[in-house]
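Here's the structure, in structure tokens; my notes come after.
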Amino acid sequence: MDFLRPASWEEALAAKAEHPTAVPIAGGTDVMVEINFDHRRPEYLLDLNRIGELSEWEVGQESVRLGASVPYSAIMEHLRAELPGLALASHTVASPQIRNRGGVGGNLGTASPAGDAHPALLAAGAEVEAESVRGTRLIPIDAFYTGVKRNALEPDELIRAVHIRKADGPQQYSKVGTRNAMVIAVCAFGLALHPETRTVRTGIGSAAPTPVRAKEAEAFLNAALDEGGFWESGKIITPAIAKQFAALASGACNPIDDVRGTAKYRRHAVGIMARRTLGWTWEQYRGAGRTLEGAA
Amino acid sequence: MTTYPKAQNVPAGTPTKITQGSPTKGGIGESTLRPDGTLKVTGEFAYSSDMWHEDMLWGQTLRSTVAHAEIVSIDTSEALAMPGVYAVLTYDDLPAAMKNYGLEIQDTPVLAHGKVRHHGEPVAIVAADHPETARRAAAKIKIDYRELPLITDEASATAPGAVLVHEGRDDHHIGHVPHPNIVHRQPIIRGDADEAAKRADVIVRGEYTFGMQDQAFLGPESGLAVPSEDGGVELYVATQWLHSDLGQIAPVLGLPEDKVRMTLSGVGGAFGGREDISMQIHACLLALRTGKPVKIVYNRFESFFGHVHRHPAKLTYEHGATKDGKLTHMKCRIVLDGGAYASASPAVVGNASSLSVGPYVIEDVDIEAVALYTNNPPCGAMRGFGAVQACFAYEAQMDKLAAKLDMDPVEFRQLNAMEQGTLLPTGQPCDSPAPVAELLRLVKARPLPPEQEWLTAGSEGTSVDVRALPGGLSNTTHGEGVVRGVGYAVGLKNVGFSEGFDDYSTARVRMEVINGEPVATVHTAMAEVGQGGVTVHAQIARTELGVNQVTIHPADTKVGSAGSTSASRQTYVTGGAVKNSCEAVREQVLEIGRRKFGSYHPAWATAELLLEGGKVVTDGGEVLADVADVLEDEAIDIELEWRHRPTEAFDLRTGQGNGHVQYSFAAHRAVVEVDTELGLVKVIELACAQDVGKALNPLSVLGQIQGGTLQGMGVAVMEEIIVDPKTAKVRNPSFTDYLLPTILDTPTIPVDVLELADENAPYGLRGIGEAPTLSSTPAVLAAIRNATGLELNRTPVRPEHLTGT
Amino acid sequence: MRVNFTVNGRPQEADDVWEGESLLYVLRERMGLPGSKNACEQGECGSCTVRLDGVPVCACLVAAGQVQDREVVTVEGLADYAKHRQDTHPGGGCASGACGTTLDEAKRWQSKPTDGRAGEAAPLSPIQQAFIDAGAVQCGFCTPGLLVAADELLENSPSPSDQDIREALSGNLCRCTGYEKILDAVRLAAARQEEAVQS
């Protein structure tokens, strides 16, 4: 095993080009577990800790450019207003120690269906800034997840940043685990209201081979809200609409049975979370939401 | 010395004041601080995984990847050829005729012999100069398995023509078990349950399932073996019982016991999981083979295969009661899965059967408990062994009966509660206080925690604190679907080793004068695993010898056996041994004093004399001499064995016999909030009341009760080793998927402590470590049932069970 | 590979480090600092919590090579770190340069009556003393990580609510205590800290 320590982004790209099998390591929260438990022996470890810019973010007009290594704790602390869904998701990540090290770049690189950031990114709308010595490209988040723990990156590419649309409305995030802290998702659900476009976007975690959006549920809800004039009136969403939305969200799942939960439970729980997060965001939209402590 | 009041004269709930010995500062009854506390907070305390030696090698274990298979061939040549590898050992390299070990039945091969019987069984061991070298070498060992049919449950174990997990058994249980795949069977028949059933107005039946729990001590199995010049070996290890290890290690090394010198290193928790051998023999074999010190440290993954777990169980119960709420009879059958090797299974069967009735008066019973041999992971001792599984089931039955009779569940239990003098189903009378009804009263009398504590009215309107809600930080509910429930449970556990076992301990106590001050040294082989035995030993020495300075000698095999740090027994038995040896030392000090100074004061001959504050005093408080002047240069050094009252084996057909030494009682009230839509549970409060006989160190007593309570809660709502029934492989051997409660899952745990003396025990104390683990689980289950209306016959409860998914 | 970094205020160098080694392994097996504990090695238990450039992290998940030129504080340096919290260069910890807990050291350990008593041994940090006084230590394996995490909590939040304490320590598993005495210890340290500020 070789340990590559690039001092700059350019050096990192060069190293990745030279050694496409090199495994990038930033927070180490996935890679080191695999090494400690002898599940993985990469030929090269590519340390990204020395590249300071990866831990920085810029808030732009439309979006936040979030460096790949910005730790979850910083997202929780500094980006609650701009990225409320991702901030909530960040708060559900493992433990304070892990949130101090892990970041969205690692979540995307691992592309586990259980990664906590994915549903929030899908709901908010985002693009992954991937770069190699050949150039830079922006990969829409909807096209990023290509299979179980597989993503759209080329072997020589590294994730430099994620461009996430700034919230133009309330966002929520829920995750089911059988413990009240430090738990991997049994399943998760992210929801973002986009009042500017009068649309709702969603993201489902850990209930399909990849993180997915509940597109039918979104389409149904967008139409129902539009037809009922809900965006203008701000009236309470009728239970029938919420119920149908939840059912369609459940239907968007393609889960498996595993040690963390059954497929049937995952479908069921995603429906409940879809209904609840819709209720919470809509209450916030109407200006009647409760404030939260201990979340984000 | 003053004597304490007779227990039977003490009404339940009255604290007993016991004073014995002298009121020396830091003596018994005070919450003195741990002697190892400073080292533990500075990081200097040497745990078994912290050991280091110049030139040491690292050991690695290669474990089976299948649960049941013949080993067709093993090829170690490639591993041996690797640079940095010093030894690769398999069964063929074992040096002695004895190749097995085991707590009671020596059925466990040191390294697999021709066959593996469970997933993760050790097959080969490697020593190398770096842990990574050792891992790579182990990976290069080629093993060819031919898989065998799996025995995974009672049906497959006893089916006609079932494969035998152990062929040719010749242990002392084979004669009375109905099938060779049953380790041990213990029936208990008392009265006539069928006849008594006719008196019942209501009968309830239930089938209950208890999942496989892991001790999950935080300090992984580890230790260091150092070869010595005389051909022996020194072993530094974390264990619960040095001498039991020694008796199993020496024969397979082919060494006499005096050539295997064991020292206890720091132990990172145990809870039963260190009663069996793990890496001890492997490290010694590698050290003796290579002539170099060898350190083995399991990682968490390996730790799940490195020790036995709590027996999963299936329990079938029938209870009857009259319409005025009196229990008529009980029938039960308890099937415990012992896995591939016997470990503590026979004792677990004994506990499960003899305690299956719980702390209730039932005269007519028909009980049977068995432990199976299967190809599942081996199971053995864990806090409350056998009694925990039974308590989960009988307490569910009590709630069902109360509901059927339309009675309050606590009043129903109190109406049937055992008390001092009650005959247990084994025919043994309970001869010390049994404040079962009082403990229930105490937990019920507590005010309930306020509702909706997660909701707070702030300046900016209502605020929700998700940390106080089911789901916690995961933000799954802001109050939607949340229903509160309350549940009660009570249990009893035996203390000490039962069924005729010669359960003793040894203490060596030395008293001498250093720099003009009397100093006591206490040397035992007791394994301090965190429980605070070392604190209590110093307190006992202060009380009995009137010294301030007490040194606790490291535990090793240079002194006689202390027995196991398990079965809630160490404060009783080794505490008793320390007290006994201190009394002998005191007697000698007084004897010397009488010889030297007897002629100067008549009280030397006539008064009862004590040691107090470094002086010899009369019971009237008159000072006769300084201990320093009595002893001068003389040191008194006494090592004595001490035994509690003997017990008897249970009759193999009727289960009758005075099998237990002492009982320990605790009750819980659980308050839970359940998100009924998502099936998530938040335990809000787990109030406990326990009789401890005498709290030698009240702060440590609370720590034991609260810790035990949380372990019981863990197996109620999250902790389970999941074994795939198709492959008998463990599916979640990690802390990612075997979930322990975090501090955010933990409720407040208020405790009421009763001190009702057991006159047979030292200072009237009662072993306390296990009882709180028993009733915690069924109380939480009862509360969840109360919140949801669901039957819930299985623990742990998973979200699927609460949502019907 | 070779790794140079600062541990408890003292420059350290480790040679012949295998690239897959974690910071935890280097501290425990190469620096003679076994205080950070190896309970899970997967970031689930917090027993190996150290400060990396001031931030609490699981040492088991930091690759050895990643700590090059960085500052680490372990439980062994916690008392000094707490004492010199404001200093830019915290005083030296107890890195001895020798490796591990030697057998001699282990053999020589004997509890003394002064152990566990305030004021008689080397000075402890307030959180260390509070853990002893409140009975928050049983087997002690989780203790070093909890101390580092709790010390950081009190550094940033002098009077935390119970829920804040629970959240801050939710990455540190304890199997012995049921956490009640750990909560007590953090409350106690916070109260003493407050008293010290007021007086």
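Chain labels A, B, ... are given in the sequence in which chains occur in the structure tokens; within each chain residues are numbered consecutively from 1, and ligands are likewise numbered from 1 in the order shown.
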With 6 Å as the cut-off and only C-alpha atoms counted, what is the closest atom pair between each nearby residue of chain A and chain B? Distances in Å to one decimal, ordered by chain and number, as a tab-separated table.
```
residue	atom	partner	partner_atom	distance
A:Thr92	CA	B:Ser474	CA	5.2
A:Ser174	CA	B:Thr476	CA	5.0
A:Lys175	CA	B:Ser474	CA	5.1
A:Asn180	CA	B:Gly472	CA	4.3
A:Ala181	CA	B:Leu473	CA	5.7
A:Lys264	CA	B:Thr805	CA	5.5
A:Tyr265	CA	B:Thr805	CA	4.9
A:Ala269	CA	B:Leu678	CA	5.9
A:Arg290	CA	B:Ser463	CA	5.5
A:Thr291	CA	B:Ser463	CA	4.8
A:Leu292	CA	B:Val464	CA	5.0
A:Glu293	CA	B:Asp465	CA	4.5
A:Gly294	CA	B:Asp465	CA	5.8
```
Write a file of the selected residues as a PDB file, in the first residue's frame, keeping C-alpha atoms.
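Written file, out-v2.pdb:
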```
ATOM      1  CA  THR A  92     -28.364  12.543  11.662  1.00  0.00           C
ATOM      2  CA  SER A 174     -36.201  12.233   8.387  1.00  0.00           C
ATOM      3  CA  LYS A 175     -34.349   9.023   8.893  1.00  0.00           C
ATOM      4  CA  ASN A 180     -31.912   7.494  18.865  1.00  0.00           C
ATOM      5  CA  ALA A 181     -28.436   8.538  17.750  1.00  0.00           C
ATOM      6  CA  LYS A 264     -42.062  -4.165   3.837  1.00  0.00           C
ATOM      7  CA  TYR A 265     -41.154  -1.980   6.797  1.00  0.00           C
ATOM      8  CA  ALA A 269     -41.814   3.915   6.934  1.00  0.00           C
ATOM      9  CA  ARG A 290     -42.714  24.713  15.279  1.00  0.00           C
ATOM     10  CA  THR A 291     -39.075  25.408  15.848  1.00  0.00           C
ATOM     11  CA  LEU A 292     -36.804  22.470  16.377  1.00  0.00           C
ATOM     12  CA  GLU A 293     -34.154  21.834  18.957  1.00  0.00           C
ATOM     13  CA  GLY A 294     -31.597  19.160  18.603  1.00  0.00           C
TER      14      GLY A 294
END
```
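Every residue of chain A that lies within 7 Å of chain C is listed here, counting only C-alpha atoms: Met1, Asp2, Phe3, Gly28, Thr29, Met32, Val33, Ile35, Asn36, Asp47, Asn49, Ser95, Pro96, Gln97, Ile98, Asn100, Arg101, Ala181 and Met182 of chain A.
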Using only C-alpha atoms, determine which residues lie at most 7 Å from stretch 664-668 of chain B, disregarding the query and same-chain residues fewer than 5 positions distant; provide the list as a list in words.
Val436, Leu439, Leu440, Val443, Tyr488, Ala489, Val490, Gly491, Leu492, Lys493, Asn494, Val495, Leu686, Ala687, Cys688, Ala689, Gln690, Asp691, Arg766, Gly767, Ile768, Ala771, Pro772, Ser775, Ser776 and Ala779 of chain B
Which of stretch 127-172 of chain A DSSP labels strand (DSSP E), written as a list of chain:residue names
A:Glu127, A:Val128, A:Glu129, A:Ala130, A:Glu131, A:Ser132, A:Gly135, A:Thr136, A:Arg137, A:Leu138, A:Ile139, A:Pro140, A:Tyr145, A:Thr146, A:Gly147, A:Arg150, A:Asn151, A:Leu158, A:Ile159, A:Arg160, A:Ala161, A:Val162, A:His163, A:Ile164, A:Arg165, A:Gln171, A:Gln172
Spatial neighbours of stretch 189-193 of chain A, max dist 10 Å, only C-alpha atoms, sep filter under 6 positions, as a VMD selection string:
(chain A and resid 84 to 86 88 to 89 116 to 125 167 to 176 199 to 207 211 to 214 218 249 269 to 274 276 to 278 280 to 282 284 to 285) or (chain B and resid 476)
Between B:His243, B:Gly764, B:Thr38, B:Leu285, smallest distance to B:Tyr91 by only C-alpha atoms belongs to B:Leu285
Taking 4 positions as the minimum chain separation for residues in the same chain, which residues sit within 12 Å of stretch 28-31 of chain C when counting only C-alpha atoms? Answer as a CSV table (one decimal) with C-alpha atoms, in the first residue's frame.
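So out17.csv came out as:
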```csv
chain,number,residue,atom,x,y,z
B,43,GLY,CA,-5.2,6.7,30.4
B,44,GLU,CA,-2.4,5.0,32.4
B,46,ALA,CA,-2.9,-1.0,31.8
B,47,TYR,CA,-5.6,-3.0,30.0
B,49,SER,CA,-4.7,-4.7,25.0
B,50,ASP,CA,-2.2,-2.2,26.2
B,51,MET,CA,0.5,-4.7,27.0
B,52,TRP,CA,3.8,-4.3,25.2
B,53,HIS,CA,7.0,-6.2,25.2
B,54,GLU,CA,10.3,-5.7,23.5
B,56,MET,CA,6.9,-9.1,20.7
B,58,TRP,CA,1.4,-10.4,17.0
B,130,HIS,CA,3.2,-6.9,12.6
B,131,PRO,CA,-0.5,-7.4,12.8
B,295,LYS,CA,0.3,-10.3,21.9
B,297,VAL,CA,-5.9,-8.3,20.3
C,2,ARG,CA,7.6,8.2,8.3
C,3,VAL,CA,5.1,10.4,10.1
C,4,ASN,CA,5.9,13.5,12.1
C,5,PHE,CA,3.3,15.2,14.3
C,6,THR,CA,2.7,16.7,17.6
C,7,VAL,CA,1.2,14.8,20.5
C,8,ASN,CA,0.3,16.5,23.7
C,10,ARG,CA,5.6,17.3,22.0
C,11,PRO,CA,6.9,16.6,18.5
C,12,GLN,CA,6.9,12.9,17.7
C,13,GLU,CA,8.2,10.9,14.8
C,14,ALA,CA,7.1,7.4,13.8
C,15,ASP,CA,9.1,5.3,11.4
C,16,ASP,CA,8.3,2.3,9.3
C,17,VAL,CA,4.6,3.0,9.6
C,18,TRP,CA,2.5,0.7,7.4
C,21,GLU,CA,-2.2,2.0,10.1
C,22,SER,CA,-4.5,4.3,11.9
C,23,LEU,CA,-3.6,7.2,14.2
C,24,LEU,CA,-4.9,5.0,17.0
C,35,GLY,CA,-4.8,5.7,26.8
C,36,SER,CA,-6.9,6.1,23.6
C,37,LYS,CA,-8.8,2.8,23.5
C,38,ASN,CA,-9.3,0.3,20.7
C,48,CYS,CA,-10.4,6.4,20.9
C,59,ALA,CA,-8.4,8.2,16.1
C,60,CYS,CA,-9.2,4.8,14.6
C,64,ALA,CA,-1.6,7.6,10.2
C,74,THR,CA,-4.9,12.4,23.9
C,75,VAL,CA,-6.3,11.6,27.3
C,76,GLU,CA,-2.7,11.4,28.6
C,93,GLY,CA,2.1,15.4,27.8
C,94,CYS,CA,3.4,12.2,29.1
C,95,ALA,CA,4.8,10.8,25.9
C,96,SER,CA,7.8,8.9,27.0
C,97,GLY,CA,9.3,8.0,23.7
C,98,ALA,CA,9.2,4.4,24.7
C,99,CYS,CA,6.5,2.2,23.4
C,100,GLY,CA,3.3,0.9,25.0
C,101,THR,CA,2.8,0.0,28.6
C,102,THR,CA,5.7,-2.1,29.5
```
Identify, with DSSP run on backbone atoms, the residues in stretch 103-173 of chain A assigned to alpha helix (DSSP H), and express the list as a PyMOL selection string.
chain A and resi 104-110+117-124
Pairwise distance for atom CA of B:Ala396 and atom CA of B:Val308, rounded to one decimal in Å:
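That distance, rounded to one decimal, is 26.8 Å.
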